[in-house]
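Participant: Below is final39.txt; it holds compact mmCIF, C-alpha atoms and all ligand atoms.
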# COMPACT_ATOMS: atom_id res chain seq x y z
CA MET E 1 28.39 -1.68 6.96
CA SER E 2 25.04 -0.74 5.45
CA GLY E 3 22.29 0.35 7.82
CA PRO E 4 19.43 -1.88 8.99
CA ARG E 5 16.76 -2.58 6.38
CA LEU E 6 13.05 -1.88 6.56
CA SER E 7 10.64 -4.77 6.86
CA GLU E 8 9.53 -6.45 3.65
CA GLY E 9 5.93 -5.50 4.37
CA MET E 10 6.75 -1.80 4.05
CA ALA E 11 7.52 -2.30 0.36
CA ARG E 12 3.99 -3.62 -0.11
CA LEU E 13 2.26 -0.87 1.88
CA GLY E 14 0.84 1.83 -0.40
CA THR E 15 -0.38 5.29 0.51
CA GLU E 16 -3.10 7.81 -0.16
CA THR E 17 -2.07 10.11 -3.00
CA ALA E 18 -4.38 12.87 -1.78
CA PHE E 19 -1.95 13.58 1.06
CA GLU E 20 1.03 13.62 -1.34
CA VAL E 21 -0.65 15.96 -3.81
CA LEU E 22 -1.69 18.17 -0.89
CA ALA E 23 1.96 18.35 0.21
CA ARG E 24 3.08 19.29 -3.34
CA ALA E 25 0.36 21.91 -3.56
CA ARG E 26 1.35 23.36 -0.18
CA ALA E 27 5.00 23.54 -1.34
CA LEU E 28 3.89 25.52 -4.41
CA GLU E 29 1.89 27.83 -2.14
CA ALA E 30 4.91 28.32 0.11
CA ALA E 31 6.81 29.39 -3.00
CA GLY E 32 4.17 32.06 -3.68
CA ARG E 33 1.85 30.25 -6.15
CA GLU E 34 -1.92 30.24 -5.75
CA VAL E 35 -3.49 26.80 -5.72
CA ILE E 36 -7.16 25.79 -5.89
CA HIS E 37 -7.55 22.66 -3.77
CA LEU E 38 -9.82 20.07 -5.34
CA GLU E 39 -7.74 17.12 -4.17
CA ILE E 40 -8.58 16.50 -0.55
CA GLY E 41 -11.69 14.64 0.56
CA GLU E 42 -12.90 16.58 3.55
CA PRO E 43 -15.93 18.81 4.02
CA ASP E 44 -14.91 22.47 3.94
CA PHE E 45 -17.49 23.34 6.61
CA PRO E 46 -16.70 23.79 10.30
CA THR E 47 -17.82 21.07 12.71
CA PRO E 48 -21.32 22.10 13.94
CA GLU E 49 -21.11 24.24 17.05
CA HIS E 50 -23.08 21.96 19.40
CA ILE E 51 -20.61 19.14 18.67
CA VAL E 52 -17.60 21.37 19.35
CA GLU E 53 -19.25 22.53 22.58
CA ALA E 54 -19.81 18.93 23.72
CA GLY E 55 -16.14 18.11 23.09
CA VAL E 56 -14.90 21.18 24.95
CA ARG E 57 -17.29 20.54 27.84
CA ALA E 58 -16.09 16.94 28.06
CA LEU E 59 -12.46 18.11 28.32
CA ARG E 60 -13.40 20.64 31.02
CA ASP E 61 -15.35 17.95 32.89
CA GLY E 62 -12.18 15.87 33.12
CA HIS E 63 -12.66 13.28 30.35
CA THR E 64 -8.93 13.37 29.73
CA HIS E 65 -7.81 9.85 30.62
CA TYR E 66 -7.81 6.34 29.15
CA CYS E 67 -11.20 4.80 28.66
CA PRO E 68 -12.46 1.33 27.58
CA ALA E 69 -10.64 0.16 24.42
CA PRO E 70 -13.76 -0.61 22.33
CA GLY E 71 -15.34 2.74 23.21
CA LEU E 72 -17.46 4.52 25.83
CA PRO E 73 -20.72 2.63 26.48
CA LEU E 74 -22.62 5.86 25.82
CA LEU E 75 -21.22 6.19 22.29
CA ARG E 76 -21.51 2.49 21.50
CA GLU E 77 -25.18 2.73 22.48
CA ALA E 78 -25.68 5.87 20.39
CA CYS E 79 -24.04 4.22 17.35
CA ALA E 80 -26.11 1.04 17.73
CA ASP E 81 -29.24 3.11 18.06
CA HIS E 82 -28.28 5.22 15.01
CA LEU E 83 -27.56 2.16 12.87
CA SER E 84 -30.75 0.44 13.97
CA ARG E 85 -32.87 3.50 13.20
CA HIS E 86 -31.22 4.68 9.96
CA ARG E 87 -29.63 1.60 8.41
CA GLY E 88 -32.39 -0.95 8.82
CA VAL E 89 -30.01 -3.25 10.69
CA SER E 90 -30.62 -4.14 14.30
CA VAL E 91 -27.28 -3.82 16.08
CA LEU E 92 -26.47 -4.39 19.76
CA PRO E 93 -24.19 -1.84 21.51
CA GLU E 94 -21.72 -4.59 22.44
CA ARG E 95 -21.18 -5.24 18.72
CA VAL E 96 -20.13 -1.63 18.10
CA ILE E 97 -16.44 -0.76 18.29
CA VAL E 98 -15.13 2.79 18.29
CA ALA E 99 -11.77 3.84 16.82
CA PRO E 100 -9.86 7.00 15.93
CA GLY E 101 -11.47 7.31 12.46
CA ALA E 102 -12.97 4.81 10.07
CA LYS E 103 -9.54 4.07 8.62
CA PRO E 104 -8.24 1.83 11.45
CA PHE E 105 -11.05 -0.61 10.63
CA LEU E 106 -9.67 -1.06 7.12
CA LEU E 107 -6.22 -2.10 8.36
CA PHE E 108 -7.46 -4.00 11.41
CA GLY E 109 -10.26 -5.62 9.42
CA LEU E 110 -7.62 -7.11 7.12
CA VAL E 111 -5.30 -8.09 9.95
CA ALA E 112 -8.12 -9.81 11.84
CA THR E 113 -9.48 -11.80 8.91
CA CYS E 114 -6.83 -12.49 6.25
CA ASP E 115 -3.75 -14.67 6.03
CA PRO E 116 -1.08 -14.45 3.33
CA GLY E 117 -2.43 -16.02 0.13
CA ASP E 118 -6.10 -15.34 0.92
CA GLU E 119 -7.95 -13.51 -1.85
CA VAL E 120 -9.68 -10.21 -1.21
CA VAL E 121 -12.14 -8.75 -3.71
CA TYR E 122 -12.16 -4.94 -3.60
CA PRO E 123 -13.54 -2.08 -5.71
CA ASN E 124 -11.25 -0.60 -8.34
CA PRO E 125 -11.17 2.35 -8.77
CA GLY E 126 -11.58 2.55 -5.01
CA PHE E 127 -10.20 4.10 -1.83
CA PRO E 128 -6.46 3.36 -2.18
CA ILE E 129 -6.10 2.12 1.39
CA TYR E 130 -8.01 -1.07 0.49
CA GLU E 131 -5.38 -2.31 -1.96
CA SER E 132 -2.59 -1.02 0.25
CA VAL E 133 -3.64 -3.00 3.33
CA ILE E 134 -4.52 -6.11 1.31
CA ARG E 135 -1.00 -6.18 -0.14
CA TRP E 136 0.62 -5.39 3.21
CA ALA E 137 -1.19 -8.35 4.80
CA GLY E 138 0.23 -10.60 2.06
CA ALA E 139 -3.28 -11.30 0.79
CA ILE E 140 -4.02 -11.33 -2.94
CA PRO E 141 -5.90 -8.31 -4.29
CA VAL E 142 -8.68 -9.25 -6.71
CA PRO E 143 -9.95 -6.02 -8.26
CA LEU E 144 -13.66 -5.67 -8.95
CA PRO E 145 -13.84 -3.11 -11.76
CA LEU E 146 -16.36 -0.30 -11.31
CA THR E 147 -17.47 0.79 -14.74
CA GLU E 148 -18.96 4.03 -15.96
CA GLU E 149 -21.57 1.99 -17.89
CA THR E 150 -22.96 0.56 -14.64
CA GLY E 151 -23.04 3.97 -12.91
CA PHE E 152 -19.66 3.11 -11.36
CA THR E 153 -20.95 -0.06 -9.77
CA PHE E 154 -20.71 -3.62 -11.09
CA SER E 155 -22.99 -6.49 -11.99
CA ALA E 156 -23.59 -9.56 -9.84
CA ASP E 157 -21.91 -11.56 -12.63
CA ASP E 158 -18.80 -9.37 -12.33
CA LEU E 159 -18.64 -10.20 -8.64
CA ALA E 160 -19.45 -13.89 -9.14
CA ALA E 161 -16.55 -14.19 -11.58
CA ARG E 162 -14.16 -13.06 -8.86
CA LEU E 163 -15.35 -15.25 -6.01
CA GLY E 164 -13.61 -18.55 -5.43
CA PRO E 165 -12.61 -21.02 -2.72
CA ARG E 166 -9.77 -18.72 -1.60
CA THR E 167 -11.95 -15.60 -1.28
CA LYS E 168 -11.67 -14.59 2.36
CA LEU E 169 -13.01 -11.04 2.30
CA VAL E 170 -15.11 -8.86 0.00
CA ILE E 171 -14.76 -5.10 0.41
CA LEU E 172 -17.70 -2.94 -0.68
CA ASN E 173 -18.03 0.83 -0.59
CA SER E 174 -21.29 2.63 -1.26
CA PRO E 175 -21.60 5.56 -1.83
CA ALA E 176 -18.17 5.26 -3.34
CA ASN E 177 -14.98 7.24 -3.25
CA PRO E 178 -13.76 8.26 -5.88
CA THR E 179 -16.70 7.75 -8.25
CA GLY E 180 -19.85 8.74 -6.34
CA GLY E 181 -21.39 5.42 -7.46
CA VAL E 182 -24.18 3.97 -5.33
CA VAL E 183 -25.22 0.33 -4.92
CA GLY E 184 -28.97 0.11 -4.44
CA PRO E 185 -31.19 -2.55 -2.79
CA ALA E 186 -31.66 -4.62 -5.97
CA LEU E 187 -27.92 -5.15 -6.55
CA ASN E 188 -27.33 -5.63 -2.81
CA ALA E 189 -29.94 -8.40 -2.82
CA GLU E 190 -28.11 -10.08 -5.71
CA ILE E 191 -24.77 -9.68 -3.92
CA ALA E 192 -26.27 -11.16 -0.75
CA ALA E 193 -27.62 -14.15 -2.70
CA LEU E 194 -24.16 -14.72 -4.18
CA LEU E 195 -22.25 -14.35 -0.92
CA ARG E 196 -24.58 -16.71 0.90
CA ASP E 197 -22.77 -19.60 -0.80
CA HIS E 198 -19.29 -18.31 0.05
CA SER E 199 -17.82 -18.50 3.51
CA CYS E 200 -16.10 -15.11 3.44
CA TRP E 201 -16.16 -11.94 5.50
CA ILE E 202 -17.54 -8.66 4.13
CA LEU E 203 -16.18 -5.22 4.91
CA SER E 204 -18.78 -2.63 3.96
CA ASP E 205 -17.33 0.88 4.06
CA GLU E 206 -20.36 3.12 4.53
CA ILE E 207 -18.58 6.33 5.51
CA TYR E 208 -20.61 8.30 2.90
CA SER E 209 -23.94 6.66 3.80
CA GLU E 210 -25.52 9.98 4.77
CA MET E 211 -24.32 11.73 1.63
CA LEU E 212 -26.75 10.52 -0.99
CA TYR E 213 -28.46 12.99 -3.29
CA ASP E 214 -31.41 11.06 -4.67
CA ASP E 215 -31.57 7.63 -3.02
CA GLN E 216 -31.95 6.14 0.43
CA HIS E 217 -28.85 4.30 1.61
CA ASP E 218 -29.08 0.52 1.50
CA SER E 219 -26.61 -1.49 3.58
CA ILE E 220 -25.48 -4.96 2.51
CA ALA E 221 -25.56 -5.84 6.23
CA GLY E 222 -29.35 -5.49 6.15
CA HIS E 223 -29.65 -8.36 3.67
CA ASP E 224 -30.45 -11.80 4.98
CA GLY E 225 -27.98 -13.04 7.52
CA LEU E 226 -25.03 -10.98 6.31
CA LEU E 227 -24.82 -8.85 9.47
CA GLU E 228 -23.15 -11.85 11.11
CA ARG E 229 -20.33 -11.70 8.53
CA THR E 230 -20.08 -7.97 7.88
CA ILE E 231 -17.78 -5.35 9.33
CA LEU E 232 -20.01 -2.32 8.75
CA VAL E 233 -17.69 0.69 8.87
CA ASP E 234 -18.96 4.21 9.41
CA GLY E 235 -17.69 7.37 11.04
CA PHE E 236 -18.07 11.03 11.79
CA SER E 237 -15.48 12.56 9.44
CA LYS E 238 -17.68 13.19 6.43
CA THR E 239 -21.27 13.46 7.73
CA PHE E 240 -20.42 15.84 10.56
CA ALA E 241 -17.35 17.56 9.06
CA MET E 242 -15.15 16.04 11.80
CA THR E 243 -12.12 14.79 9.84
CA GLY E 244 -9.60 16.15 12.33
CA TRP E 245 -11.34 14.79 15.41
CA ARG E 246 -10.52 11.21 14.35
CA LEU E 247 -13.66 9.29 15.20
CA GLY E 248 -15.16 6.25 13.52
CA TYR E 249 -17.02 3.10 14.45
CA ALA E 250 -17.95 -0.29 13.14
CA ALA E 251 -20.70 -2.79 13.82
CA VAL E 252 -18.98 -6.14 13.72
CA PRO E 253 -19.83 -9.86 13.93
CA ALA E 254 -19.63 -11.37 17.44
CA ALA E 255 -16.48 -13.30 16.53
CA LEU E 256 -14.62 -10.09 15.65
CA VAL E 257 -15.41 -7.99 18.74
CA GLU E 258 -12.55 -9.38 20.83
CA PRO E 259 -9.91 -9.55 18.03
CA LEU E 260 -10.60 -6.00 16.91
CA THR E 261 -10.56 -4.78 20.52
CA ARG E 262 -7.20 -6.52 20.99
CA LEU E 263 -5.85 -4.79 17.89
CA LEU E 264 -6.95 -1.46 19.35
CA ILE E 265 -5.28 -2.28 22.67
CA ASN E 266 -2.09 -3.12 20.78
CA SER E 267 -2.14 0.11 18.79
CA VAL E 268 -4.02 3.13 20.13
CA SER E 269 -5.31 1.81 23.51
CA CYS E 270 -8.55 3.72 23.09
CA THR E 271 -10.17 6.67 21.32
CA ALA E 272 -10.01 10.04 23.13
CA PRO E 273 -13.08 10.07 25.43
CA ALA E 274 -13.85 13.77 24.93
CA VAL E 275 -13.92 13.16 21.18
CA GLN E 276 -16.30 10.26 21.76
CA LEU E 277 -18.62 12.47 23.79
CA ALA E 278 -18.61 14.96 20.91
CA GLY E 279 -19.67 11.99 18.78
CA VAL E 280 -22.60 11.29 21.11
CA ALA E 281 -23.68 14.92 20.65
CA ALA E 282 -23.35 14.54 16.86
CA LEU E 283 -25.60 11.49 16.74
CA SER E 284 -28.17 12.71 19.22
CA GLY E 285 -28.23 16.44 18.39
CA PRO E 286 -30.01 18.56 15.77
CA ARG E 287 -29.66 17.49 12.12
CA HIS E 288 -30.20 20.78 10.29
CA GLU E 289 -26.48 21.49 9.76
CA VAL E 290 -25.91 18.01 8.30
CA GLU E 291 -28.84 18.64 5.97
CA SER E 292 -27.63 22.07 4.90
CA MET E 293 -24.12 20.69 4.18
CA LEU E 294 -25.67 18.04 1.95
CA ASN E 295 -27.81 20.65 0.19
CA GLU E 296 -24.73 22.74 -0.47
CA PHE E 297 -22.86 19.70 -1.85
CA ARG E 298 -25.84 19.01 -4.12
CA ARG E 299 -25.81 22.64 -5.38
CA ARG E 300 -22.09 22.34 -6.15
CA ARG E 301 -22.47 19.00 -7.87
CA ASP E 302 -25.21 20.46 -10.05
CA THR E 303 -22.83 23.25 -11.11
CA VAL E 304 -19.62 21.22 -11.38
CA VAL E 305 -20.94 18.41 -13.57
CA PRO E 306 -22.34 20.61 -16.38
CA SER E 307 -19.23 22.87 -16.22
CA LEU E 308 -16.95 19.84 -16.62
CA ASN E 309 -19.08 18.52 -19.47
CA ALA E 310 -18.58 21.83 -21.26
CA VAL E 311 -14.77 21.33 -21.27
CA PRO E 312 -13.51 19.86 -24.57
CA GLY E 313 -12.30 16.29 -24.16
CA ILE E 314 -14.05 15.76 -20.81
CA SER E 315 -17.30 14.00 -20.01
CA CYS E 316 -18.59 13.66 -16.48
CA ALA E 317 -21.34 11.38 -15.15
CA THR E 318 -23.47 12.71 -12.30
CA PRO E 319 -22.32 11.30 -8.95
CA ARG E 320 -25.18 9.96 -6.82
CA GLY E 321 -23.38 10.23 -3.50
CA ALA E 322 -20.26 11.49 -1.66
CA PHE E 323 -18.67 14.76 -2.84
CA TYR E 324 -16.44 13.78 -5.74
CA ALA E 325 -16.76 14.23 -9.49
CA PHE E 326 -14.98 11.57 -11.54
CA PRO E 327 -14.73 12.95 -15.07
CA ASN E 328 -13.70 10.80 -18.02
CA ILE E 329 -10.73 12.47 -19.72
CA ALA E 330 -10.22 9.98 -22.57
CA GLY E 331 -11.11 12.69 -25.10
CA THR E 332 -8.12 14.79 -24.04
CA GLY E 333 -5.67 12.17 -25.28
CA LEU E 334 -3.73 12.57 -22.01
CA GLY E 335 -3.08 10.06 -19.24
CA SER E 336 -4.59 10.68 -15.79
CA LYS E 337 -1.31 11.31 -13.97
CA GLU E 338 0.08 13.47 -16.76
CA LEU E 339 -3.03 15.64 -16.82
CA ALA E 340 -3.25 15.89 -13.01
CA ASP E 341 0.42 16.93 -12.82
CA ARG E 342 0.01 19.49 -15.58
CA LEU E 343 -3.09 20.99 -14.00
CA LEU E 344 -1.19 21.56 -10.78
CA ASP E 345 1.98 22.85 -12.44
CA GLU E 346 0.43 24.94 -15.22
CA ALA E 347 -2.90 26.02 -13.78
CA GLY E 348 -2.46 25.75 -10.00
CA VAL E 349 -5.41 23.34 -9.75
CA ALA E 350 -4.80 20.36 -7.46
CA VAL E 351 -6.82 17.29 -8.51
CA LEU E 352 -6.13 13.57 -8.26
CA ALA E 353 -5.39 11.18 -11.11
CA GLY E 354 -8.03 8.45 -11.41
CA SER E 355 -5.16 5.97 -11.53
CA ALA E 356 -4.34 6.88 -7.90
CA PHE E 357 -7.45 4.82 -7.07
CA GLY E 358 -6.33 1.72 -8.94
CA SER E 359 -5.60 0.62 -12.47
CA TYR E 360 -9.26 0.86 -13.53
CA GLY E 361 -9.22 4.56 -12.66
CA GLU E 362 -6.92 5.35 -15.59
CA GLY E 363 -8.60 7.78 -17.98
CA TYR E 364 -10.32 9.71 -15.17
CA LEU E 365 -9.63 12.50 -12.70
CA ARG E 366 -11.08 12.96 -9.25
CA LEU E 367 -12.23 16.42 -8.23
CA SER E 368 -13.47 16.93 -4.71
CA TYR E 369 -16.24 19.52 -4.63
CA ALA E 370 -15.66 20.19 -0.96
CA ASN E 371 -14.68 23.73 -1.94
CA SER E 372 -16.59 26.98 -2.59
CA LEU E 373 -18.58 27.34 -5.83
CA GLU E 374 -16.34 30.28 -6.70
CA ASN E 375 -13.17 28.16 -6.39
CA LEU E 376 -14.77 25.25 -8.22
CA GLU E 377 -15.76 27.47 -11.13
CA ALA E 378 -12.30 29.09 -11.23
CA GLY E 379 -10.66 25.64 -11.09
CA ILE E 380 -12.73 24.24 -13.96
CA GLU E 381 -12.13 27.37 -16.04
CA ALA E 382 -8.37 26.94 -15.49
CA ILE E 383 -8.67 23.28 -16.57
CA ARG E 384 -10.54 24.41 -19.70
CA LYS E 385 -7.72 26.83 -20.55
CA VAL E 386 -5.00 24.19 -20.15
CA LEU E 387 -6.91 21.76 -22.37
CA SER E 388 -7.78 24.40 -24.97
CA ALA E 389 -4.10 25.29 -25.29
CA GLU E 390 -3.32 21.60 -25.62
CA ARG E 391 -5.93 20.95 -28.32
CA PRO E 392 -6.97 24.18 -30.05
CA ILE E 393 -10.70 24.05 -30.63
CA VAL E 394 -11.39 24.11 -34.39
C1 LIG E 401 -14.06 5.45 1.36
C2 LIG E 401 -13.40 5.99 2.58
N1 LIG E 401 -13.27 5.20 3.66
C3 LIG E 401 -12.67 5.63 4.78
C4 LIG E 401 -12.16 6.92 4.87
C5 LIG E 401 -11.45 7.33 6.12
O1 LIG E 401 -12.29 8.03 6.99
P1 LIG E 401 -11.77 8.55 8.41
O2 LIG E 401 -11.33 9.97 8.22
O3 LIG E 401 -12.98 8.48 9.30
O4 LIG E 401 -10.68 7.67 8.88
C6 LIG E 401 -12.27 7.78 3.77
C7 LIG E 401 -11.66 9.12 3.81
O5 LIG E 401 -11.39 9.75 2.82
C8 LIG E 401 -12.90 7.29 2.59
O6 LIG E 401 -13.04 8.07 1.52
Could you express the structure from this file as structure tokens?
Facilitator:
Amino acid sequence: MSGPRLSEGMARLGTETAFEVLARARALEAAGREVIHLEIGEPDFPTPEHIVEAGVRALRDGHTHYCPAPGLPLLREACADHLSRHRGVSVLPERVIVAPGAKPFLLFGLVATCDPGDEVVYPNPGFPIYESVIRWAGAIPVPLPLTEETGFTFSADDLAARLGPRTKLVILNSPANPTGGVVGPALNAEIAALLRDHSCWILSDEIYSEMLYDDQHDSIAGHDGLLERTILVDGFSKTFAMTGWRLGYAAVPAALVEPLTRLLINSVSCTAPAVQLAGVAALSGPRHEVESMLNEFRRRRDTVVPSLNAVPGISCATPRGAFYAFPNIAGTGLGSKELADRLLDEAGVAVLAGSAFGSYGEGYLRLSYANSLENLEAGIEAIRKVLSAERPIV
């Protein structure tokens, strides 16, 4: 007798290639190879000391038990206050829900809003979890291509062409992973005007909202009336270098507070209270470390982009936010996956294929510049060598 089978949904659930490439890179390292890690999307800085202290103090003070499922009132208030002050959207604390990371809101956002057969518009190339959870929910993924010509955004016409009577949810992500593209107030106003006529939910993933190099962040939720339909997702992982703490939050429409809370009760019960108190310290404490991390990312970006542009066959637009470069590799004549695999195998440089972020990412690589300038320069030099051997410069 054959063993029991997995559920059908598991065949539709995707993954995040960054974790797979990281595992391959670690296996190479275990076998004695040196690897430069440009694959994983997490700040390479330690969590600021005052935040660590607040977490440790909270543990010592006995915050070691279950707490309210949607989050500690103190953190929900701090998040609402933060969003109201920095995002131009007036949010009540009871509309804020806390979870272990921003990621749960992607899965639970889908589960709470979409039935099989509903259409979901999502950015492509985009964070791979979007397409993964859309497919798992049995909804129909409708990719919204992000093009290099539009600064890795899209036009209102592009979006309009993908909206229809079955559109149930539109996922937006600015600043964007993997492209560093940023949607500004003018396009957001056009998007808002379009969505006004469609009765769909919006999930706005704003996890990189405090990582913009030249612009001020503009949230779609701040545009007329959309706050009542938008799951505004944010978190602590990127801004405060807290990826391992697992802490995120979302400001959600009134109708979604109870369903999302119920999903948390069914899954994680609550988010560790000591971690939440560290989050309160992050939002209410000094900002200079956040600013110096961003300055360092800007310095790296300004080195990485010209260095990549000097590599034969590669051209790289300047990302306006987040900490990823998304170079166009069409001139190399190689496919994204083939080149990414060869860079790891031949040069010990771990990067991600653009195609890992969706079909429209083919022809690109993603390099995370959350690594030292020294490693970034060594990594790009190794890439140059692999490509020069491939296509001798004449
Ligand atoms: C666009 C985007 N959304 C969400 C997340 C998940 O964030 P968290 O670590 O807070 O779950 C990431 C992490 O890479 C991301 O890039």
Participant: Rank E:Ala30, E:Ala274, E:Ile314, E:Leu367 by their smallest atom-to-atom distance to E:Gly62, using all atoms listed in the file, and report the top residue only.
Facilitator: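 The shortest atom-to-atom distance to E:Gly62 comes from E:Ala274.
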Participant: Check every protein, DNA and RNA residue against ligand LIG 401 (chain E), keep those with an atom at most 10 Å away (counting all atoms listed in the file), and present them as a ChimeraX atom specification.
Facilitator: /E:16,18,40-42,99-106,126-130,172-178,204-208,233-239,241-249,322-324
Participant: Measure the distance from atom CA of E:Ala254 to atom CA of E:Ala69 in Å and round it to one decimal.
Facilitator: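 Atom CA of E:Ala254 sits 16.2 Å away from atom CA of E:Ala69.
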Participant: For each of E:Leu159, E:Leu212, E:Ala282, E:Leu256, take the minimum atom-to-atom distance to E:Asn295, counting all atoms listed in the file, then give the residue where this is smallest.
Facilitator: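 Nearest to E:Asn295: E:Leu212.
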Participant: When distances are computed from all atoms listed in the file, which of E:His288, E:Arg299, E:Arg229, E:Lys385 shows the smallest separation from E:Gly109?
Facilitator: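 So, comparing all the options, the nearest one is E:Arg229.
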Participant: Step by step: start from the point (-20.9, 21.5, -6.6) in the file's coordinates, keep every protein, DNA or RNA residue that has an atom no farther than 12 Å from it, count all atoms listed in the file, and write the set as a PyMOL selection string.
Facilitator: chain E and resi 38+213+293-308+318-319+321-325+367-377+379-380
Participant: To one decimal place in Å, what is the distance between atom CA of E:Ala27 and atom CA of E:Ala382?
Facilitator: 19.8 Å
Participant: In Å to one decimal, how far is atom CA of E:Phe45 from atom CA of E:Thr64?
Facilitator: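 For atom CA of E:Thr64 relative to atom CA of E:Phe45, the distance reads 26.6 Å.
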Participant: Could you tell me which of E:Ala255, E:Leu6, E:Ala192, E:Ala54 comes closest to E:Val275 if we count only C-alpha atoms?
Facilitator: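 Closest to E:Val275 of all the choices is E:Ala54.
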Participant: Ranking E:Pro141, E:Gly180, E:Pro312, E:Pro70 by minimum distance to E:Thr261 and counting all atoms listed in the file, which one comes first?
Facilitator: E:Pro70
Participant: Please list as a list of chain:residue names every residue within 10 Å of E:Glu258, counting all atoms listed in the file and excluding residues in the same chain fewer than 6 positions away.
Facilitator: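 Here the answer would be E:Pro70, E:Arg95, E:Ile97, E:Leu264.
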Participant: Take the residues that were just selected and, keeping C-alpha atoms, output them as a compact mmCIF listing (two decimals), in the coordinates of the input.
Facilitator:
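Result went into out.txt, see below:
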# COMPACT_ATOMS: atom_id res chain seq x y z
CA PRO E 70 -13.76 -0.61 22.33
CA ARG E 95 -21.18 -5.24 18.72
CA ILE E 97 -16.44 -0.76 18.29
CA LEU E 264 -6.95 -1.46 19.35
Participant: Find the spatial neighbours of E:Pro93, counting only C-alpha atoms, within a cut-off of 12 Å - ignore same-chain residues fewer than 3 positions away - and output them as a count of residues only.
Facilitator: 26
Participant: Extract stretch 10-23 of chain E from the preceding block and save C-alpha atoms as a short mmCIF file (atom, residue, chain, number, x, y, z; two decimals), in the first residue's frame.
Facilitator:
data_model
loop_
_atom_site.label_atom_id
_atom_site.label_comp_id
_atom_site.auth_asym_id
_atom_site.auth_seq_id
_atom_site.Cartn_x
_atom_site.Cartn_y
_atom_site.Cartn_z
CA MET E 10 0.70 21.79 -1.26
CA ALA E 11 1.40 21.28 -4.96
CA ARG E 12 0.27 24.86 -5.57
CA LEU E 13 2.25 26.40 -2.70
CA GLY E 14 5.52 27.92 -3.91
CA THR E 15 8.52 29.01 -1.88
CA GLU E 16 11.11 31.73 -1.52
CA THR E 17 14.18 30.86 -3.56
CA ALA E 18 16.41 33.03 -1.37
CA PHE E 19 16.20 30.39 1.36
CA GLU E 20 17.01 27.59 -1.10
CA VAL E 21 20.00 29.39 -2.58
CA LEU E 22 21.17 30.19 0.94
CA ALA E 23 21.01 26.47 1.79
#
